[in-house]
Protein chains: 2
Amino acid sequence: MYSQAAMTPARNTAFLPVQPVQRAPTLQDVFRGQPVDSYSAGEAIFWEGDTAGHIFDVLEGVLRVCKILPDGRRAIMGFIYAGDVLGVSMQSRYLFTTEAVTDVKVRRFSRNRFFTLVNESPELRPQLLAILCDEMSAAQDQMLLLGRKNAEERVVSFLLAVHRKTGVGNTIELPMSRLDMADYLGLTIETVSRMMTALTRRGLIVATGRHTIALPRINALRDVAGTDEPRGGIQGGSSAPRRAVWPN
Amino acid sequence: MYSQAAMTPARNTAFLPVQPVQRAPTLQDVFRGQPVDSYSAGEAIFWEGDTAGHIFDVLEGVLRVCKILPDGRRAIMGFIYAGDVLGVSMQSRYLFTTEAVTDVKVRRFSRNRFFTLVNESPELRPQLLAILCDEMSAAQDQMLLLGRKNAEERVVSFLLAVHRKTGVGNTIELPMSRLDMADYLGLTIETVSRMMTALTRRGLIVATGRHTIALPRINALRDVAGTDEPRGGIQGGSSAPRRAVWPN
DNA sequence: CGTCACTTTGAAAGCTTTCAATAGGAGTGG
DNA sequence: CCACTCCTATTGAAAGCTTTCAAAGTGACG
């Protein structure tokens with residue numbers, strides 16, 4: 001769900017005079033000069049099914065991306081942070097609703113013009129591709145989490161993912177509510193709460209506030225996560241219980 | 001990194017296998033003339049973590065794409081059919097293992113050259129984008145399924161998805177085993193089996209063989225699926241209705 | 001026609017959810 | 001600045017759905 005300012009190899013820098021850093025354009029540059037839109041926590045940026053008119057560059061704050069079933073069940077597909085680009089993996093309509101978790105500032109850009117621009121720029125094209133591949137990678141990790149991890153593994157995986165993305169030292173911020181976490185992890189708010197309590201009791205996490213948490217034993221957490229490094233294919237599978245590695 | 005490859009100027013145009021075609025070239029054209037590789041059911045095409053050297057055009061058969069946790073738990077991220085292109089959403093390494101569900105025939109093409117070609121073709125670029133967006137869309141539907149649907153809804157959603165993709169009349173083929181279905185739906189083989197039995201008893205499906213199934217009452221199935229048409233967002237924000245919006 | 005692998009079915013166990021109530025925090029107003 | 005209120009989070013206990021364990025059934029194939 002994230003995008004990275006991936007790959008911007010400083011290739012020509014050596015040839016450039018000291019002064020004007022004519023770095024290759026980044027996707028973020030596309031949004032330069034666009035007006036800044038502000039949203040308060042809880043506000044929607046757009047809804048699933050809306051005509052996908054814009055792409056967004058997130059300057060500040062955190063967003064959640066979600067889908068809702070007819071009976072009200074909600075699933076959060078991901079959280080979007082400052083520096084991420086929102087709305088690239090869309091064709092004509094938004095695939096999900098996006099709402100502000102915290103107060104948010106974004107720059108908006110016409111989707112058509114965005115794709116035209118990117119399409120015409122040999123520098124930007126690979127960046128777009130990189131974003132899409134990163135999103136796909138994150139989505140697949142999430143499918144693994146939702147399909148095969150238990151509650152504790154899900155919560156720990158989430159804490160570690162947040163740490164990787166925005167952690168400072170061994171501390172992380174969780175701006176979203178427990179309900180958001182639950183809807184992201186395919187759990188209930190109570191289960192998330194219980195897992196957090198259990199982790200605290202075991203000394204694996206230390207809650208400074210409800211939304212600030214220290215991870216004093218990250219490696220122990222990694223052991224609990226089930227895996228943040230899903231390993232490749234296994235042969236012969238010594239440990240694979242009942243679950244055939246080589247069906248058929 | 002594929003993105004670097006994408007930026008690499010074409011230097012060996014002479015080797016390009018894309019034949020002059022009258023109509024606008026399609027991604028499949030890129031694979032034309034490549035030798036056909038065959039795999040038997042159960043064989044792996046590539047492994048998660050392998051260097052992503054190739055992109056594949058599936059000519060025949062069905063593949064499964066999966067990830068495995070260290071203790072052997074497996075999650076299937078999707079099934080790939082003839083006509084699909086495999087391996088586009090990759091950076092330098094394959095994100096998942098791909099195995100043949102049935103006997104399979106594919107054409108293989110160097111990933112670097114593939115991205116170079118696509119990057120240089122104004123006709124192919126949008127097609128690649130479209131594929132990635134479709135993959136993203138499918139991944140998000142799957143996250144919704146895994147995070148918020150119950151066993152019955154998962155199985156029915158799957159049957160409907162297969163029908164949409166490859167159904168003939170009201171009949172579908174399920175070339176994969178129950179274990180594959182289970183690992184795709186985040187369930188166990190027993191639960192899948194029980195759900196199929198229950199659906200049969202209710203007359204919602206009719207099993208001709210273990211792998212051939214008729215859906216005589218598709219609309220009834222759609223009602224059961226939870227939704228194949230996730231509706232738009234909720235107004236307001238952080239206070240999503242905890243459960244059902246309407247009384248159950 | 002027998003074997004092997006996959007599937008179905010049954011019963012008990014387990015993990016997460018549901019229901020219910022208490023606790024904690026942030027913001028507001030006196 | 002403190003009391004009050006509302007909303008979010010935590011905790012407890014029971015219920016429920018899916019999994020686990022076990023065994024029988026079915027079908028493909030040599």
# chains A, B, ... in the order shown; residues from 1 in each chain; ligands from 1
call {"tool": "residues_around", "arguments": {"residues": "DT5 in chain D", "least_positions_apart": "4", "cutoff": "12 Å", "atoms": "only C-alpha atoms (C1' of nucleotides)", "output": "PyMOL selection string"}}
result
chain C and resi 25-29
call {"tool": "write_last_selection", "arguments": {"atoms": "C-alpha atoms (C1' of nucleotides)", "output": "PDB file, in the first residue's frame"}}
result
ATOM      1  C1'  DG C  25      -8.268   9.806  28.287  1.00  0.00           C
ATOM      2  C1'  DA C  26      -9.180  13.818  25.827  1.00  0.00           C
ATOM      3  C1'  DG C  27     -11.806  17.750  25.357  1.00  0.00           C
ATOM      4  C1'  DT C  28     -15.237  21.098  27.196  1.00  0.00           C
ATOM      5  C1'  DG C  29     -17.224  24.258  30.182  1.00  0.00           C
TER       6       DG C  29
END
call {"tool": "residues_around", "arguments": {"residues": "range 6-17 of chain D", "least_positions_apart": "4", "cutoff": "12 Å", "atoms": "only C-alpha atoms (C1' of nucleotides)", "output": "PyMOL selection string"}}
result
(chain A and resi 176-180+189-198+209-211) or (chain B and resi 149-152+187+191+238-239) or (chain C and resi 14-28)
call {"tool": "interface_residues", "arguments": {"of": "chain C", "to": "chain B", "cutoff": "12 Å", "atoms": "only C-alpha atoms (C1' of nucleotides)", "output": "PDB file with C-alpha atoms (C1' of nucleotides), in the first residue's frame"}}
result
ATOM      1  C1'  DA C   5      -4.366 -40.002  -2.792  1.00  0.00           C
ATOM      2  C1'  DC C   6      -7.908 -37.019  -2.186  1.00  0.00           C
ATOM      3  C1'  DT C   7     -12.404 -35.988  -0.182  1.00  0.00           C
ATOM      4  C1'  DT C   8     -16.055 -36.337   2.989  1.00  0.00           C
ATOM      5  C1'  DT C   9     -17.951 -36.830   7.498  1.00  0.00           C
ATOM      6  C1'  DG C  10     -18.042 -36.907  12.642  1.00  0.00           C
ATOM      7  C1'  DT C  17     -15.932 -13.272  18.527  1.00  0.00           C
ATOM      8  C1'  DT C  18     -19.849 -11.646  20.897  1.00  0.00           C
TER       9       DT C  18
END
call {"tool": "select_by_dssp", "arguments": {"residues": "range 74-132 of chain A", "states": "strand (DSSP E)", "output": "PyMOL selection string"}}
result
chain A and resi 74-81+85-86+97-100+104-110
call {"tool": "select_by_dssp", "arguments": {"residues": "range 3-228 of chain B", "states": "alpha helix (DSSP H)", "output": "number ranges by chain"}}
result
B: 3-7, 27-30, 111-120, 124-148, 151-166, 178-185, 189-201, 218-224
call {"tool": "interface_residues", "arguments": {"of": "chain A", "to": "chain B", "cutoff": "6 Å", "atoms": "only C-alpha atoms", "output": "list in words"}}
result
Gly42, Glu43, Trp47, Glu48, Gly49, Leu69, Asp71, Gly72, Arg73, Ala75, Ser89, Met90, Thr97, Pro126, Cys133, Met143, Leu144, Leu146, Gly147, Gly186, Pro230, Gly232, Gly233, Ala240 and Asn248 of chain A
call {"tool": "residues_around", "arguments": {"residues": "Asp103 in chain B", "least_positions_apart": "5", "cutoff": "10 Å", "atoms": "only C-alpha atoms (C1' of nucleotides)", "output": "ChimeraX atom specification"}}
result
/B:38-43,60-63
call {"tool": "interface_residues", "arguments": {"of": "chain D", "to": "chain B", "cutoff": "12 Å", "atoms": "only C-alpha atoms (C1' of nucleotides)", "output": "JSON, numbers by chain"}}
result
{"D": [7, 8, 17, 18, 19, 20, 21, 26, 27, 28]}
call {"tool": "write_last_selection", "arguments": {"atoms": "C-alpha atoms (C1' of nucleotides)", "output": "compact mmCIF listing (two decimals), in the first residue's frame"}}
result
# COMPACT_ATOMS: atom_id res chain seq x y z
C1' DC D 7 -15.64 8.13 23.33
C1' DT D 8 -12.15 4.69 23.08
C1' DC D 17 -17.31 -20.83 14.08
C1' DT D 18 -13.44 -23.05 12.32
C1' DT D 19 -9.89 -26.15 13.16
C1' DT D 20 -7.98 -30.36 14.70
C1' DC D 21 -8.04 -35.16 15.16
C1' DT D 26 -14.58 -42.24 -3.31
C1' DG D 27 -12.23 -42.20 -7.52
C1' DA D 28 -8.25 -42.47 -10.56
